[in-house]
Amino acid sequence: MRFLAHALSILLHPLLMPVITLCLAFTLDPHLSYFIEPRSQLIILVMVGVMTVVFPLMSIALLWRSGLVSGPTLPIREERTAPYVMTLFYHGMAYYLLRRNELEPTTFSLVIGGMVALLATLLINLRWKISAHMVGIGGLIGALTSLLLQHGTIAPMELAPFILVAGALGT
């Protein structure tokens, strides 16, 4: 059971949530992806992945190697501030690069929502250690729910598996 929990924690790592959310949004909501060629969607996903996954991972690895954080999982609350600030900066860069493209405005809202969630996590982390995994999966469910309410292209029952996965991740 512990192996499954660890695997789920890795597969649904908070750093992966922006890419997973955009990929699901492009797949499930044609309003976001209709005018974007599949090749361009892939380029957008890779760019967001590099900015919101690769860069933060490299930064955390450098902080770990330099001894500024005790481990790659950031087990100590006080050590999370610098990686969160860096990740927020990388999200801002991703948003800036996305704004240079003509995308449906909801796409930008999804990215801003991720930045707001990350900022809230950073601020809460100054006092309490909270689960970034739950913030990430909650953001994904919130994004899909907003697409459901805004465009109606996602059926409410399509959200059920994500809610069940969130429960498993939280457990």
# chains A, B, ... in the order shown; residues from 1 in each chain; ligands from 1
$ residues_around --residues "region 10-15 of chain A" --least-positions-apart "6" --cutoff "10 Å" --atoms "only C-alpha atoms" --output "list in words"
Leu4, Gly49, Thr52, Val53, Val54, Pro56, Leu57, Thr87, Leu118, Ser131, Ala132, His133, Met134, Val135, Gly136, Ile137, Gly139, Val165, Ala166 and Leu169 of chain A
$ write_last_selection --atoms "N, CA and C atoms" --output "CSV table (one decimal), in the first residue's frame"
chain,number,residue,atom,x,y,z
A,4,LEU,N,2.0,2.2,-3.5
A,4,LEU,CA,1.0,2.8,-4.3
A,4,LEU,C,0.9,4.3,-3.9
A,49,GLY,N,5.8,23.1,-19.4
A,49,GLY,CA,6.5,22.0,-18.7
A,49,GLY,C,7.9,22.4,-18.3
A,52,THR,N,7.5,25.3,-15.6
A,52,THR,CA,6.9,25.0,-14.3
A,52,THR,C,7.3,23.7,-13.7
A,53,VAL,N,8.1,22.9,-14.4
A,53,VAL,CA,8.5,21.6,-13.9
A,53,VAL,C,10.1,21.6,-13.9
A,54,VAL,N,10.7,21.7,-15.1
A,54,VAL,CA,12.1,21.5,-15.2
A,54,VAL,C,12.9,22.6,-14.4
A,56,PRO,N,11.9,24.6,-11.9
A,56,PRO,CA,11.8,24.5,-10.4
A,56,PRO,C,12.6,23.2,-9.9
A,57,LEU,N,12.6,22.1,-10.6
A,57,LEU,CA,13.3,20.9,-10.2
A,57,LEU,C,14.8,21.2,-10.2
A,87,THR,N,9.6,29.2,-7.9
A,87,THR,CA,8.6,28.5,-8.7
A,87,THR,C,7.5,29.6,-9.2
A,118,LEU,N,-0.3,29.1,-5.9
A,118,LEU,CA,1.1,29.0,-5.4
A,118,LEU,C,1.4,30.2,-4.5
A,131,SER,N,-0.1,20.9,2.6
A,131,SER,CA,0.2,19.9,1.6
A,131,SER,C,0.1,20.6,0.2
A,132,ALA,N,1.2,20.7,-0.4
A,132,ALA,CA,1.3,21.3,-1.8
A,132,ALA,C,0.6,20.3,-2.8
A,133,HIS,N,0.6,19.0,-2.5
A,133,HIS,CA,-0.1,18.1,-3.3
A,133,HIS,C,-1.6,18.3,-3.4
A,134,MET,N,-2.1,18.6,-2.2
A,134,MET,CA,-3.6,18.9,-2.2
A,134,MET,C,-3.9,20.2,-2.8
A,135,VAL,N,-3.0,21.2,-2.7
A,135,VAL,CA,-3.3,22.5,-3.4
A,135,VAL,C,-3.3,22.2,-4.9
A,136,GLY,N,-2.3,21.4,-5.3
A,136,GLY,CA,-2.2,21.1,-6.8
A,136,GLY,C,-3.4,20.4,-7.3
A,137,ILE,N,-3.8,19.3,-6.7
A,137,ILE,CA,-5.0,18.6,-7.2
A,137,ILE,C,-6.3,19.3,-7.0
A,139,GLY,N,-6.4,22.6,-7.3
A,139,GLY,CA,-6.4,23.5,-8.4
A,139,GLY,C,-6.9,22.9,-9.7
A,165,VAL,N,-9.5,10.5,-7.1
A,165,VAL,CA,-8.0,10.5,-7.1
A,165,VAL,C,-7.5,11.5,-6.1
A,166,ALA,N,-8.2,12.7,-6.0
A,166,ALA,CA,-7.8,13.7,-4.9
A,166,ALA,C,-7.9,13.1,-3.5
A,169,LEU,N,-5.0,10.7,-3.1
A,169,LEU,CA,-3.8,11.4,-2.9
A,169,LEU,C,-3.7,12.0,-1.5
$ closest_residue --among "A:Leu24, A:Lys129, A:Phe108, A:Leu16" --to "Pro75 (chain A)" --atoms "only C-alpha atoms"
A:Lys129
$ residues_around --residues "Phe162 (chain A)" --least-positions-apart "5" --cutoff "10 Å" --atoms "only C-alpha atoms" --output "PyMOL selection string"
chain A and resi 137-138+140-141+144+157+167-168
$ closest_residue --among "A:Leu123, A:Phe26, A:Ser66, A:Pro72" --to "Ser40 (chain A)" --atoms "only C-alpha atoms"
A:Phe26
$ atom_distance --atom1 "CA of Leu110 (chain A)" --atom2 "CA of Val19 (chain A)"
10.7 Å
$ atom_distance --atom1 "CA of Ile20 (chain A)" --atom2 "CA of Tyr34 (chain A)"
18.4 Å
$ select_by_dssp --residues "region 7-159 of chain A" --states "helix (DSSP H, G or I)" --output "ChimeraX atom specification"
/A:7-11,14-28,30-33,38-65,77-99,105-125,132-151,156-159
$ residues_around --residues "Glu78 (chain A)" --least-positions-apart "2" --cutoff "12 Å" --atoms "only C-alpha atoms" --output "mmCIF file with N, CA and C atoms, in the first residue's frame"
data_model
loop_
_atom_site.group_PDB
_atom_site.id
_atom_site.type_symbol
_atom_site.label_atom_id
_atom_site.label_comp_id
_atom_site.auth_asym_id
_atom_site.auth_seq_id
_atom_site.Cartn_x
_atom_site.Cartn_y
_atom_site.Cartn_z
ATOM 1 N N LEU A 68 21.333 24.382 1.126
ATOM 2 C CA LEU A 68 20.331 25.336 1.608
ATOM 3 C C LEU A 68 18.992 24.678 1.936
ATOM 4 N N VAL A 69 18.747 23.490 1.392
ATOM 5 C CA VAL A 69 17.584 22.690 1.775
ATOM 6 C C VAL A 69 18.082 21.292 2.129
ATOM 7 N N SER A 70 17.368 20.639 3.036
ATOM 8 C CA SER A 70 17.842 19.354 3.555
ATOM 9 C C SER A 70 17.534 18.171 2.647
ATOM 10 N N LEU A 74 11.757 18.729 0.373
ATOM 11 C CA LEU A 74 11.547 19.929 1.195
ATOM 12 C C LEU A 74 10.748 19.602 2.455
ATOM 13 N N PRO A 75 11.296 18.708 3.301
ATOM 14 C CA PRO A 75 10.525 18.265 4.470
ATOM 15 C C PRO A 75 10.356 19.324 5.563
ATOM 16 N N ILE A 76 11.215 20.328 5.578
ATOM 17 C CA ILE A 76 11.160 21.346 6.618
ATOM 18 C C ILE A 76 10.432 22.575 6.078
ATOM 19 N N ARG A 80 10.916 25.719 2.480
ATOM 20 C CA ARG A 80 10.056 25.767 1.298
ATOM 21 C C ARG A 80 9.897 27.163 0.714
ATOM 22 N N THR A 81 10.212 28.185 1.471
ATOM 23 C CA THR A 81 9.959 29.553 1.010
ATOM 24 C C THR A 81 10.723 29.875 -0.270
ATOM 25 N N ALA A 82 12.026 29.661 -0.286
ATOM 26 C CA ALA A 82 12.825 29.994 -1.474
ATOM 27 C C ALA A 82 12.379 29.209 -2.705
ATOM 28 N N PRO A 83 12.175 27.888 -2.611
ATOM 29 C CA PRO A 83 11.689 27.169 -3.799
ATOM 30 C C PRO A 83 10.315 27.651 -4.275
ATOM 31 N N TYR A 84 9.425 28.013 -3.332
ATOM 32 C CA TYR A 84 8.114 28.521 -3.733
ATOM 33 C C TYR A 84 8.255 29.860 -4.458
ATOM 34 N N LEU A 122 2.514 29.760 -0.614
ATOM 35 C CA LEU A 122 3.718 30.419 -0.092
ATOM 36 C C LEU A 122 3.393 31.196 1.180
ATOM 37 N N LEU A 123 2.341 31.978 1.152
ATOM 38 C CA LEU A 123 1.980 32.799 2.317
ATOM 39 C C LEU A 123 1.550 31.945 3.508
ATOM 40 N N ILE A 124 0.760 30.912 3.250
ATOM 41 C CA ILE A 124 0.343 30.022 4.338
ATOM 42 C C ILE A 124 1.544 29.289 4.914
ATOM 43 N N ASN A 125 2.470 28.906 4.028
ATOM 44 C CA ASN A 125 3.661 28.178 4.454
ATOM 45 C C ASN A 125 4.548 28.999 5.391
ATOM 46 N N LEU A 126 4.406 30.307 5.378
ATOM 47 C CA LEU A 126 5.208 31.119 6.296
ATOM 48 C C LEU A 126 4.862 30.814 7.753
ATOM 49 N N ARG A 127 3.654 30.307 7.975
ATOM 50 C CA ARG A 127 3.225 30.005 9.340
ATOM 51 C C ARG A 127 2.959 28.515 9.575
ATOM 52 N N TRP A 128 2.331 27.854 8.596
ATOM 53 C CA TRP A 128 1.965 26.452 8.729
ATOM 54 C C TRP A 128 2.458 25.671 7.516
ATOM 55 N N LYS A 129 2.754 24.416 7.733
ATOM 56 C CA LYS A 129 3.135 23.537 6.627
ATOM 57 C C LYS A 129 1.857 22.895 6.090
ATOM 58 N N ILE A 130 1.548 23.181 4.832
ATOM 59 C CA ILE A 130 0.352 22.597 4.228
ATOM 60 C C ILE A 130 0.784 21.685 3.087
#
$ atom_distance --atom1 "CA of Val111 (chain A)" --atom2 "CA of Ile163 (chain A)"
20.8 Å
$ closest_residue --among "A:Leu63, A:Ile36, A:Met17, A:Met93" --to "Met51 (chain A)" --atoms "only C-alpha atoms"
A:Met93
